[in-house]
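So this block is structure-v3.cif, mmCIF, C-alpha atoms:
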data_start
loop_
_atom_site.group_PDB
_atom_site.id
_atom_site.type_symbol
_atom_site.label_atom_id
_atom_site.label_comp_id
_atom_site.auth_asym_id
_atom_site.auth_seq_id
_atom_site.Cartn_x
_atom_site.Cartn_y
_atom_site.Cartn_z
ATOM 1 C CA MET A 16 58.163 131.591 38.873
ATOM 2 C CA LYS A 17 61.529 133.329 38.873
ATOM 3 C CA GLN A 18 61.952 136.683 37.182
ATOM 4 C CA TRP A 19 64.542 137.054 34.424
ATOM 5 C CA TYR A 20 66.990 138.932 36.654
ATOM 6 C CA GLU A 21 66.905 136.093 39.188
ATOM 7 C CA GLU A 22 67.693 133.501 36.510
ATOM 8 C CA LEU A 23 70.349 135.652 34.859
ATOM 9 C CA PHE A 24 72.458 136.013 37.986
ATOM 10 C CA GLU A 25 72.446 132.321 38.951
ATOM 11 C CA ASN A 26 75.966 130.876 38.548
ATOM 12 C CA TYR A 27 77.065 133.996 36.721
ATOM 13 C CA GLY A 28 79.679 135.509 39.038
ATOM 14 C CA MET A 29 82.856 134.894 37.043
ATOM 15 C CA LYS A 30 81.241 135.622 33.683
ATOM 16 C CA TYR A 31 79.678 138.762 35.140
ATOM 17 C CA ASP A 32 83.084 140.096 36.172
ATOM 18 C CA ASN A 33 84.239 139.766 32.545
ATOM 19 C CA GLU A 34 81.340 141.756 31.098
ATOM 20 C CA CYS A 35 82.347 145.048 29.461
ATOM 21 C CA PHE A 36 80.098 147.113 31.713
ATOM 22 C CA THR A 37 81.917 145.962 34.885
ATOM 23 C CA GLN A 38 85.334 147.294 33.895
ATOM 24 C CA GLY A 39 85.043 150.831 35.297
ATOM 25 C CA THR A 40 85.218 150.045 39.006
ATOM 26 C CA VAL A 41 88.375 151.964 39.947
ATOM 27 C CA GLY A 42 87.326 155.185 38.238
ATOM 28 C CA GLU A 43 83.820 154.967 39.667
ATOM 29 C CA CYS A 44 85.209 154.531 43.176
ATOM 30 C CA ASN A 45 87.502 157.515 42.616
ATOM 31 C CA PHE A 46 84.384 159.580 41.982
ATOM 32 C CA ILE A 47 82.573 158.176 45.024
ATOM 33 C CA GLU A 48 85.525 159.014 47.266
ATOM 34 C CA LYS A 49 85.590 162.582 46.012
ATOM 35 C CA GLU A 50 81.840 162.946 46.548
ATOM 36 C CA ILE A 51 82.129 162.021 50.225
ATOM 37 C CA GLY A 52 85.234 164.101 50.831
ATOM 38 C CA TYR A 53 87.465 161.069 51.441
ATOM 39 C CA ASP A 54 85.834 160.691 54.875
ATOM 40 C CA LYS A 55 86.564 157.122 55.935
ATOM 41 C CA SER A 56 84.358 157.399 59.005
ATOM 42 C CA LEU A 57 81.235 157.221 56.827
ATOM 43 C CA LYS A 58 79.197 154.030 56.547
ATOM 44 C CA ILE A 59 78.326 152.914 53.010
ATOM 45 C CA LEU A 60 75.533 150.630 51.767
ATOM 46 C CA ASP A 61 75.958 149.037 48.327
ATOM 47 C CA ILE A 62 72.517 147.955 47.066
ATOM 48 C CA GLY A 63 72.640 145.376 44.281
ATOM 49 C CA CYS A 64 76.334 144.827 45.000
ATOM 50 C CA GLY A 65 76.595 141.830 42.668
ATOM 51 C CA THR A 66 80.065 140.294 42.914
ATOM 52 C CA GLY A 67 81.125 143.086 45.258
ATOM 53 C CA ARG A 68 83.377 145.010 42.919
ATOM 54 C CA HIS A 69 82.611 148.485 44.337
ATOM 55 C CA ALA A 70 82.354 147.248 47.935
ATOM 56 C CA ILE A 71 85.708 145.495 47.654
ATOM 57 C CA GLU A 72 87.486 148.433 46.023
ATOM 58 C CA LEU A 73 86.127 150.888 48.598
ATOM 59 C CA THR A 74 87.059 148.559 51.469
ATOM 60 C CA LYS A 75 90.609 148.364 50.113
ATOM 61 C CA ARG A 76 90.672 152.150 50.413
ATOM 62 C CA GLY A 77 89.659 152.052 54.066
ATOM 63 C CA TYR A 78 85.873 152.482 53.965
ATOM 64 C CA THR A 79 83.261 150.441 55.829
ATOM 65 C CA VAL A 80 80.826 148.944 53.321
ATOM 66 C CA LEU A 81 77.869 146.587 53.594
ATOM 67 C CA GLY A 82 76.949 144.889 50.316
ATOM 68 C CA VAL A 83 73.467 143.478 49.715
ATOM 69 C CA ASP A 84 72.111 141.529 46.771
ATOM 70 C CA LEU A 85 69.297 139.135 45.870
ATOM 71 C CA SER A 86 71.534 136.543 44.188
ATOM 72 C CA ASP A 87 73.161 133.819 46.293
ATOM 73 C CA SER A 88 75.729 133.015 43.609
ATOM 74 C CA GLN A 89 76.705 136.673 43.130
ATOM 75 C CA LEU A 90 77.164 137.029 46.882
ATOM 76 C CA GLU A 91 79.195 133.816 47.010
ATOM 77 C CA ARG A 92 81.502 135.208 44.335
ATOM 78 C CA ALA A 93 81.779 138.501 46.255
ATOM 79 C CA ARG A 94 82.785 136.678 49.424
ATOM 80 C CA GLU A 95 85.361 134.597 47.521
ATOM 81 C CA LYS A 96 86.940 137.719 46.040
ATOM 82 C CA ALA A 97 87.010 139.492 49.397
ATOM 83 C CA SER A 98 88.615 136.444 51.016
ATOM 84 C CA MET A 99 91.298 136.284 48.309
ATOM 85 C CA ASP A 100 92.168 139.902 49.154
ATOM 86 C CA ASN A 101 92.069 139.196 52.918
ATOM 87 C CA LEU A 102 89.246 141.696 53.373
ATOM 88 C CA GLN A 103 86.552 141.533 56.036
ATOM 89 C CA ILE A 104 83.370 142.679 54.292
ATOM 90 C CA HIS A 105 79.792 141.916 55.261
ATOM 91 C CA PHE A 106 77.715 140.716 52.323
ATOM 92 C CA GLN A 107 74.066 139.978 53.058
ATOM 93 C CA LYS A 108 71.202 138.582 51.017
ATOM 94 C CA HIS A 109 68.340 141.052 50.780
ATOM 95 C CA ASP A 110 65.689 141.957 48.265
ATOM 96 C CA ALA A 111 66.110 145.679 47.500
ATOM 97 C CA ARG A 112 62.324 146.009 47.623
ATOM 98 C CA ASP A 113 62.339 144.914 51.261
ATOM 99 C CA LEU A 114 65.372 146.256 53.111
ATOM 100 C CA PRO A 115 65.528 146.397 56.938
ATOM 101 C CA PHE A 116 67.768 149.457 57.289
ATOM 102 C CA LEU A 117 66.604 152.733 58.846
ATOM 103 C CA HIS A 118 68.855 155.817 59.057
ATOM 104 C CA GLU A 119 72.021 153.693 59.323
ATOM 105 C CA PHE A 120 74.187 154.801 56.395
ATOM 106 C CA ASP A 121 75.850 158.037 55.328
ATOM 107 C CA LEU A 122 76.034 156.956 51.686
ATOM 108 C CA VAL A 123 73.998 154.544 49.594
ATOM 109 C CA ILE A 124 75.224 153.485 46.158
ATOM 110 C CA MET A 125 73.275 151.581 43.464
ATOM 111 C CA LEU A 126 75.437 151.273 40.370
ATOM 112 C CA CYS A 127 75.131 149.517 37.023
ATOM 113 C CA GLU A 128 71.419 148.717 37.421
ATOM 114 C CA GLY A 129 72.067 146.371 40.314
ATOM 115 C CA GLY A 130 68.403 146.507 41.276
ATOM 116 C CA PHE A 131 66.726 149.769 40.431
ATOM 117 C CA SER A 132 65.164 149.884 36.934
ATOM 118 C CA LEU A 133 65.166 146.074 36.573
ATOM 119 C CA MET A 134 61.902 145.487 38.386
ATOM 120 C CA GLU A 135 58.760 144.503 36.510
ATOM 121 C CA THR A 136 56.645 147.406 37.750
ATOM 122 C CA ASP A 137 57.276 151.103 38.395
ATOM 123 C CA GLU A 138 55.945 150.642 41.921
ATOM 124 C CA MET A 139 58.664 148.082 42.678
ATOM 125 C CA ASN A 140 61.362 150.364 41.315
ATOM 126 C CA TYR A 141 60.024 153.177 43.484
ATOM 127 C CA GLN A 142 60.095 150.896 46.523
ATOM 128 C CA ILE A 143 63.823 150.383 45.963
ATOM 129 C CA LEU A 144 64.385 154.141 45.900
ATOM 130 C CA ARG A 145 62.298 154.520 49.050
ATOM 131 C CA ASN A 146 64.301 151.828 50.859
ATOM 132 C CA ALA A 147 67.547 153.498 49.799
ATOM 133 C CA SER A 148 66.211 156.779 51.194
ATOM 134 C CA ASN A 149 65.136 155.112 54.444
ATOM 135 C CA ALA A 150 68.595 153.619 54.910
ATOM 136 C CA LEU A 151 70.239 157.053 54.881
ATOM 137 C CA THR A 152 71.041 159.260 57.837
ATOM 138 C CA GLN A 153 69.472 162.714 58.057
ATOM 139 C CA LYS A 154 72.204 164.314 55.893
ATOM 140 C CA GLY A 155 72.932 161.228 53.796
ATOM 141 C CA LYS A 156 73.740 161.003 50.094
ATOM 142 C CA LEU A 157 72.507 158.632 47.394
ATOM 143 C CA ILE A 158 74.547 157.920 44.258
ATOM 144 C CA PHE A 159 73.099 155.678 41.569
ATOM 145 C CA THR A 160 72.949 155.073 37.841
ATOM 146 C CA THR A 161 69.913 154.308 35.748
ATOM 147 C CA LEU A 162 69.020 153.890 32.092
ATOM 148 C CA ASN A 163 68.556 157.184 30.253
ATOM 149 C CA ALA A 164 65.217 157.348 28.409
ATOM 150 C CA LEU A 165 66.575 160.069 26.110
ATOM 151 C CA PHE A 166 69.056 157.644 24.519
ATOM 152 C CA PRO A 167 66.674 155.214 22.713
ATOM 153 C CA LEU A 168 64.690 158.138 21.324
ATOM 154 C CA PHE A 169 67.705 159.041 19.181
ATOM 155 C CA HIS A 170 69.782 155.860 18.915
ATOM 156 C CA SER A 171 69.554 152.122 18.338
ATOM 157 C CA VAL A 172 69.986 150.324 21.651
ATOM 158 C CA LYS A 173 70.920 147.157 19.769
ATOM 159 C CA ASP A 174 73.730 148.891 17.884
ATOM 160 C CA PHE A 175 75.040 150.367 21.131
ATOM 161 C CA LEU A 176 74.981 147.042 22.975
ATOM 162 C CA ASP A 177 76.521 145.147 20.054
ATOM 163 C CA SER A 178 79.392 147.626 19.874
ATOM 164 C CA ASN A 179 80.102 147.116 23.582
ATOM 165 C CA THR A 180 79.879 143.327 23.634
ATOM 166 C CA LYS A 181 82.900 141.043 23.420
ATOM 167 C CA GLU A 182 83.220 137.316 22.793
ATOM 168 C CA GLY A 183 81.856 135.408 25.791
ATOM 169 C CA ASN A 184 79.663 138.271 27.017
ATOM 170 C CA ALA A 185 75.894 138.125 27.274
ATOM 171 C CA LYS A 186 74.261 139.102 23.983
ATOM 172 C CA CYS A 187 70.961 140.960 23.485
ATOM 173 C CA ASP A 188 68.620 140.468 20.537
ATOM 174 C CA SER A 189 65.017 141.195 19.539
ATOM 175 C CA ILE A 190 65.152 144.582 21.215
ATOM 176 C CA SER A 191 62.060 146.793 21.236
ATOM 177 C CA PHE A 192 61.276 150.028 23.090
ATOM 178 C CA ASP A 193 57.770 150.912 24.266
ATOM 179 C CA LEU A 194 57.192 154.674 24.124
ATOM 180 C CA MET A 195 54.117 154.418 26.357
ATOM 181 C CA THR A 196 55.969 152.802 29.249
ATOM 182 C CA PHE A 197 59.637 153.626 28.486
ATOM 183 C CA ARG A 198 60.418 149.937 28.836
ATOM 184 C CA GLU A 199 62.866 148.000 26.732
ATOM 185 C CA HIS A 200 61.986 144.391 25.963
ATOM 186 C CA ASN A 201 64.759 142.124 24.751
ATOM 187 C CA THR A 202 66.033 138.576 24.636
ATOM 188 C CA VAL A 203 69.355 137.869 26.338
ATOM 189 C CA TYR A 204 71.524 134.904 25.412
ATOM 190 C CA VAL A 205 74.090 134.035 28.045
ATOM 191 C CA GLU A 206 76.278 131.108 29.088
ATOM 192 C CA ASP A 207 76.780 130.825 32.860
ATOM 193 C CA ASP A 208 79.884 129.779 34.791
ATOM 194 C CA LEU A 209 78.853 126.113 34.562
ATOM 195 C CA GLY A 210 78.476 126.215 30.779
ATOM 196 C CA ASN A 211 74.676 126.271 30.817
ATOM 197 C CA LYS A 212 73.197 128.343 28.002
ATOM 198 C CA LYS A 213 70.193 130.515 28.848
ATOM 199 C CA GLU A 214 67.680 132.451 26.799
ATOM 200 C CA LEU A 215 65.930 135.086 28.906
ATOM 201 C CA HIS A 216 63.192 137.544 28.039
ATOM 202 C CA CYS A 217 64.029 140.790 29.798
ATOM 203 C CA ASN A 218 62.150 143.959 30.641
ATOM 204 C CA GLU A 219 63.989 147.083 31.819
ATOM 205 C CA ARG A 220 62.689 150.558 32.635
ATOM 206 C CA TYR A 221 64.350 153.687 31.240
ATOM 207 C CA TYR A 222 63.781 156.978 33.074
ATOM 208 C CA THR A 223 63.721 160.616 32.012
ATOM 209 C CA PRO A 224 65.549 163.189 34.172
ATOM 210 C CA PRO A 225 62.310 164.903 35.320
ATOM 211 C CA GLU A 226 60.869 161.538 36.405
ATOM 212 C CA ILE A 227 63.915 160.776 38.536
ATOM 213 C CA ALA A 228 63.916 164.260 40.036
ATOM 214 C CA TRP A 229 60.216 164.038 40.913
ATOM 215 C CA LEU A 230 60.535 160.570 42.474
ATOM 216 C CA LEU A 231 63.438 161.714 44.633
ATOM 217 C CA LYS A 232 61.637 164.877 45.717
ATOM 218 C CA THR A 233 58.764 162.752 47.005
ATOM 219 C CA LEU A 234 61.361 160.990 49.178
ATOM 220 C CA ASP A 235 62.525 164.286 50.704
ATOM 221 C CA PHE A 236 65.802 164.674 48.864
ATOM 222 C CA ASN A 237 66.634 168.378 48.800
ATOM 223 C CA VAL A 238 69.471 168.460 46.257
ATOM 224 C CA ILE A 239 69.225 166.367 43.083
ATOM 225 C CA ASP A 240 71.903 166.471 40.380
ATOM 226 C CA ILE A 241 71.803 164.408 37.195
ATOM 227 C CA PHE A 242 74.726 163.893 34.808
ATOM 228 C CA GLY A 243 75.817 161.614 32.018
ATOM 229 C CA ALA A 244 77.353 158.338 33.222
ATOM 230 C CA LYS A 245 80.521 157.329 31.399
ATOM 231 C CA LEU A 246 81.942 153.904 32.235
ATOM 232 C CA GLY A 247 84.681 154.319 34.824
ATOM 233 C CA ALA A 248 84.696 158.101 34.412
ATOM 234 C CA PHE A 249 81.842 159.579 36.421
ATOM 235 C CA SER A 250 82.070 163.359 36.539
ATOM 236 C CA ARG A 251 80.007 166.370 37.532
ATOM 237 C CA ASN A 252 81.348 168.003 34.376
ATOM 238 C CA ASP A 253 79.582 165.449 32.160
ATOM 239 C CA GLU A 254 76.350 167.194 31.236
ATOM 240 C CA LEU A 255 73.597 164.682 30.435
ATOM 241 C CA SER A 256 72.743 164.385 26.740
ATOM 242 C CA THR A 257 70.970 162.080 24.315
ATOM 243 C CA GLU A 258 74.361 160.396 23.780
ATOM 244 C CA ASP A 259 74.411 158.949 27.290
ATOM 245 C CA PHE A 260 73.075 155.414 27.688
ATOM 246 C CA GLU A 261 72.993 155.871 31.474
ATOM 247 C CA MET A 262 72.367 158.738 33.866
ATOM 248 C CA LEU A 263 74.398 159.394 37.013
ATOM 249 C CA VAL A 264 72.171 160.642 39.823
ATOM 250 C CA ILE A 265 73.454 162.290 43.012
ATOM 251 C CA ALA A 266 70.842 163.127 45.639
ATOM 252 C CA GLU A 267 71.294 164.630 49.082
ATOM 253 C CA LYS A 268 68.941 164.855 52.033
#
Structure re-expressed in structure tokens:
Amino acid sequence: MKQWYEELFENYGMKYDNECFTQGTVGECNFIEKEIGYDKSLKILDIGCGTGRHAIELTKRGYTVLGVDLSDSQLERAREKASMDNLQIHFQKHDARDLPFLHEFDLVIMLCEGGFSLMETDEMNYQILRNASNALTQKGKLIFTTLNALFPLFHSVKDFLDSNTKEGNAKCDSISFDLMTFREHNTVYVEDDLGNKKELHCNERYYTPPEIAWLLKTLDFNVIDIFGAKLGAFSRNDELSTEDFEMLVIAEK
């Protein structure tokens, strides 16, 4: 039986690119470039690359990027977009819980919950972090975003999502938050690129900053910085607060 995130991303490439949360690519890549000192000799792995928006933008800027994702249709869309821009980018199908890479990349990015925090168990989410760590070189850096558990303690997730949803976007309903597991359960209504309407029951994990820091320390990251994650405007000056729906995590070996 397929998990909700497998069903969601089937035939959803074009609709995905029109979602509100995918519109910050340029600004996010500006931040990534600054974090790696504009060093175009570095190799980058994009885990949960989806339709390739970050991989494509970074490749346009002269970086070497490998994009991996679980969804065939998302990868197909990524390859189409790269081809339209005459870009040579390797996109490979991999499950983030079972990656083959060992000490091959200088930077790993996992943005917009492309894999991490979507898994059905904490152990699976941890496996993704471990595989990201394994993929890094000895002095590598990991940049990722994840859902901020401080936000739903003070705000309505439904109100936030409704205010950031436009006509034609996926819509969430029946949202509940479990304080014992820090998991949000919701129902997503979405129409895919072929016009098929889907109703999916989703389960996403929110994390607190100390949890993330502890998990990364167990993976031998020496420097761990956590900030608020503003769409298209990542910044080290954005101190994390209860107003931030997502956290931006920067970890260095």
Neighbours of point (79.7, 144.0, 46.0) within 12 Å, using all atoms listed in the file, written as a PyMOL selection string: chain A and resi 28+32+37+40+59-74+80-86+88-97+104-108+124-127+129
Please write the residues picked by the PyMOL selection byres ((chain A and resi 209) around 12) on this file as a count of residues only. 15
Shortest contact to Ser56 (chain A), candidates A:Leu231, A:Ile158, A:Leu122, A:Leu168, atoms counted all atoms listed in the file, goes to A:Leu122
Can you tell me which residues surround region 254-258 of chain A at a distance of at most 12 Å, considering all atoms listed in the file, apart from same-chain residues fewer than 5 positions away, and format the answer as a ChimeraX atom specification? /A:162-172,175,223-224,240-245,249,263-264
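Minimum atom-to-atom distance to Thr152 (chain A), evaluated using only C-alpha atoms, belongs to A:Asp121 out of A:Asp137, A:Asp54, A:Asp121, A:Glu34.
Using only C-alpha atoms for every distance, the candidate list A:Arg145, A:Lys232, A:His216, A:His109 yields A:His216 as the residue closest to Tyr20 (chain A).
For Trp19 (chain A), the set of protein, DNA and RNA residues having any atom at most 12 Å away, when counting only C-alpha atoms and skipping those fewer than 4 positions along the same chain, is Leu23, Phe24, Glu25, Leu133, Met134, Glu135, His200, Asn201, Thr202, Val203, Tyr204, Val205, Lys213, Glu214, Leu215, His216, Cys217, Asn218 and Glu219 of chain A.
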Residues just named, written with C-alpha atoms as a short mmCIF file (atom, residue, chain, number, x, y, z; two decimals), keeping the file's coordinate frame:
data_model
loop_
_atom_site.label_atom_id
_atom_site.label_comp_id
_atom_site.auth_asym_id
_atom_site.auth_seq_id
_atom_site.Cartn_x
_atom_site.Cartn_y
_atom_site.Cartn_z
CA LEU A 23 70.35 135.65 34.86
CA PHE A 24 72.46 136.01 37.99
CA GLU A 25 72.45 132.32 38.95
CA LEU A 133 65.17 146.07 36.57
CA MET A 134 61.90 145.49 38.39
CA GLU A 135 58.76 144.50 36.51
CA HIS A 200 61.99 144.39 25.96
CA ASN A 201 64.76 142.12 24.75
CA THR A 202 66.03 138.58 24.64
CA VAL A 203 69.36 137.87 26.34
CA TYR A 204 71.52 134.90 25.41
CA VAL A 205 74.09 134.04 28.04
CA LYS A 213 70.19 130.51 28.85
CA GLU A 214 67.68 132.45 26.80
CA LEU A 215 65.93 135.09 28.91
CA HIS A 216 63.19 137.54 28.04
CA CYS A 217 64.03 140.79 29.80
CA ASN A 218 62.15 143.96 30.64
CA GLU A 219 63.99 147.08 31.82
#
List the neighbours of region 148-150 of chain A out to 10 Å using all atoms listed in the file; skip same-chain residues closer than 6 positions along the sequence, and give me the result as a ChimeraX atom specification. /A:59-60,114-123,142,156-157,231,234-236,266-268
Restrict the selected residues to C-alpha atoms and save them as a PDB file, in the frame of the given file.
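Output file out05.pdb follows:
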ATOM      1  CA  ILE A  59      78.326 152.914  53.010  1.00  0.00           C
ATOM      2  CA  LEU A  60      75.533 150.630  51.767  1.00  0.00           C
ATOM      3  CA  LEU A 114      65.372 146.256  53.111  1.00  0.00           C
ATOM      4  CA  PRO A 115      65.528 146.397  56.938  1.00  0.00           C
ATOM      5  CA  PHE A 116      67.768 149.457  57.289  1.00  0.00           C
ATOM      6  CA  LEU A 117      66.604 152.733  58.846  1.00  0.00           C
ATOM      7  CA  HIS A 118      68.855 155.817  59.057  1.00  0.00           C
ATOM      8  CA  GLU A 119      72.021 153.693  59.323  1.00  0.00           C
ATOM      9  CA  PHE A 120      74.187 154.801  56.395  1.00  0.00           C
ATOM     10  CA  ASP A 121      75.850 158.037  55.328  1.00  0.00           C
ATOM     11  CA  LEU A 122      76.034 156.956  51.686  1.00  0.00           C
ATOM     12  CA  VAL A 123      73.998 154.544  49.594  1.00  0.00           C
ATOM     13  CA  GLN A 142      60.095 150.896  46.523  1.00  0.00           C
ATOM     14  CA  LYS A 156      73.740 161.003  50.094  1.00  0.00           C
ATOM     15  CA  LEU A 157      72.507 158.632  47.394  1.00  0.00           C
ATOM     16  CA  LEU A 231      63.438 161.714  44.633  1.00  0.00           C
ATOM     17  CA  LEU A 234      61.361 160.990  49.178  1.00  0.00           C
ATOM     18  CA  ASP A 235      62.525 164.286  50.704  1.00  0.00           C
ATOM     19  CA  PHE A 236      65.802 164.674  48.864  1.00  0.00           C
ATOM     20  CA  ALA A 266      70.842 163.127  45.639  1.00  0.00           C
ATOM     21  CA  GLU A 267      71.294 164.630  49.082  1.00  0.00           C
ATOM     22  CA  LYS A 268      68.941 164.855  52.033  1.00  0.00           C
TER      23      LYS A 268
END
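From CA of Lys75 (chain A) back to CA of Gln153 (chain A), the distance works out to 26.8 Å.
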Near-Thr161 (chain A) list (7 Å; all atoms listed in the file; drop same-chain fewer than 3 positions) as a PDB file with C-alpha atoms, keeping the file's coordinate frame:
ATOM      1  CA  GLU A 128      71.419 148.717  37.421  1.00  0.00           C
ATOM      2  CA  SER A 132      65.164 149.884  36.934  1.00  0.00           C
ATOM      3  CA  GLU A 261      72.993 155.871  31.474  1.00  0.00           C
ATOM      4  CA  MET A 262      72.367 158.738  33.866  1.00  0.00           C
ATOM      5  CA  LEU A 263      74.398 159.394  37.013  1.00  0.00           C
TER       6      LEU A 263
END
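In this model, the gap between CA of Phe36 (chain A) and CA of Arg220 (chain A) comes to 17.8 Å.
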Taking all atoms of region 191-200 of chain A that the file lists, what box with edges along x, y and z, padded by 6 Å per side, do you get, with centre and edge lengths in Å to one decimal, as JSON?
{"center_x": 58.5, "center_y": 149.5, "center_z": 25.2, "size_x": 20.7, "size_y": 22.3, "size_z": 20.0}
Identify which of the residues A:Phe159, A:Lys173, A:Trp229, A:Ser178 lies closest to Ile190 (chain A), counting all atoms listed in the file when measuring atom-to-atom distances. A:Lys173
Please determine the residues with any atom at most 7 Å from (72.2, 142.4, 21.3) (coordinates as given in the file, with only C-alpha atoms counting) and report them as a PyMOL selection string. chain A and resi 173+176-177+186-188
In Å to one decimal, how far is CA of Phe197 (chain A) from CA of Gly183 (chain A)? 28.9 Å
Between A:Tyr78, A:Leu230, A:Leu57, A:Thr180, which one has atoms that come closest to Ile143 (chain A), using all atoms listed in the file? A:Leu230
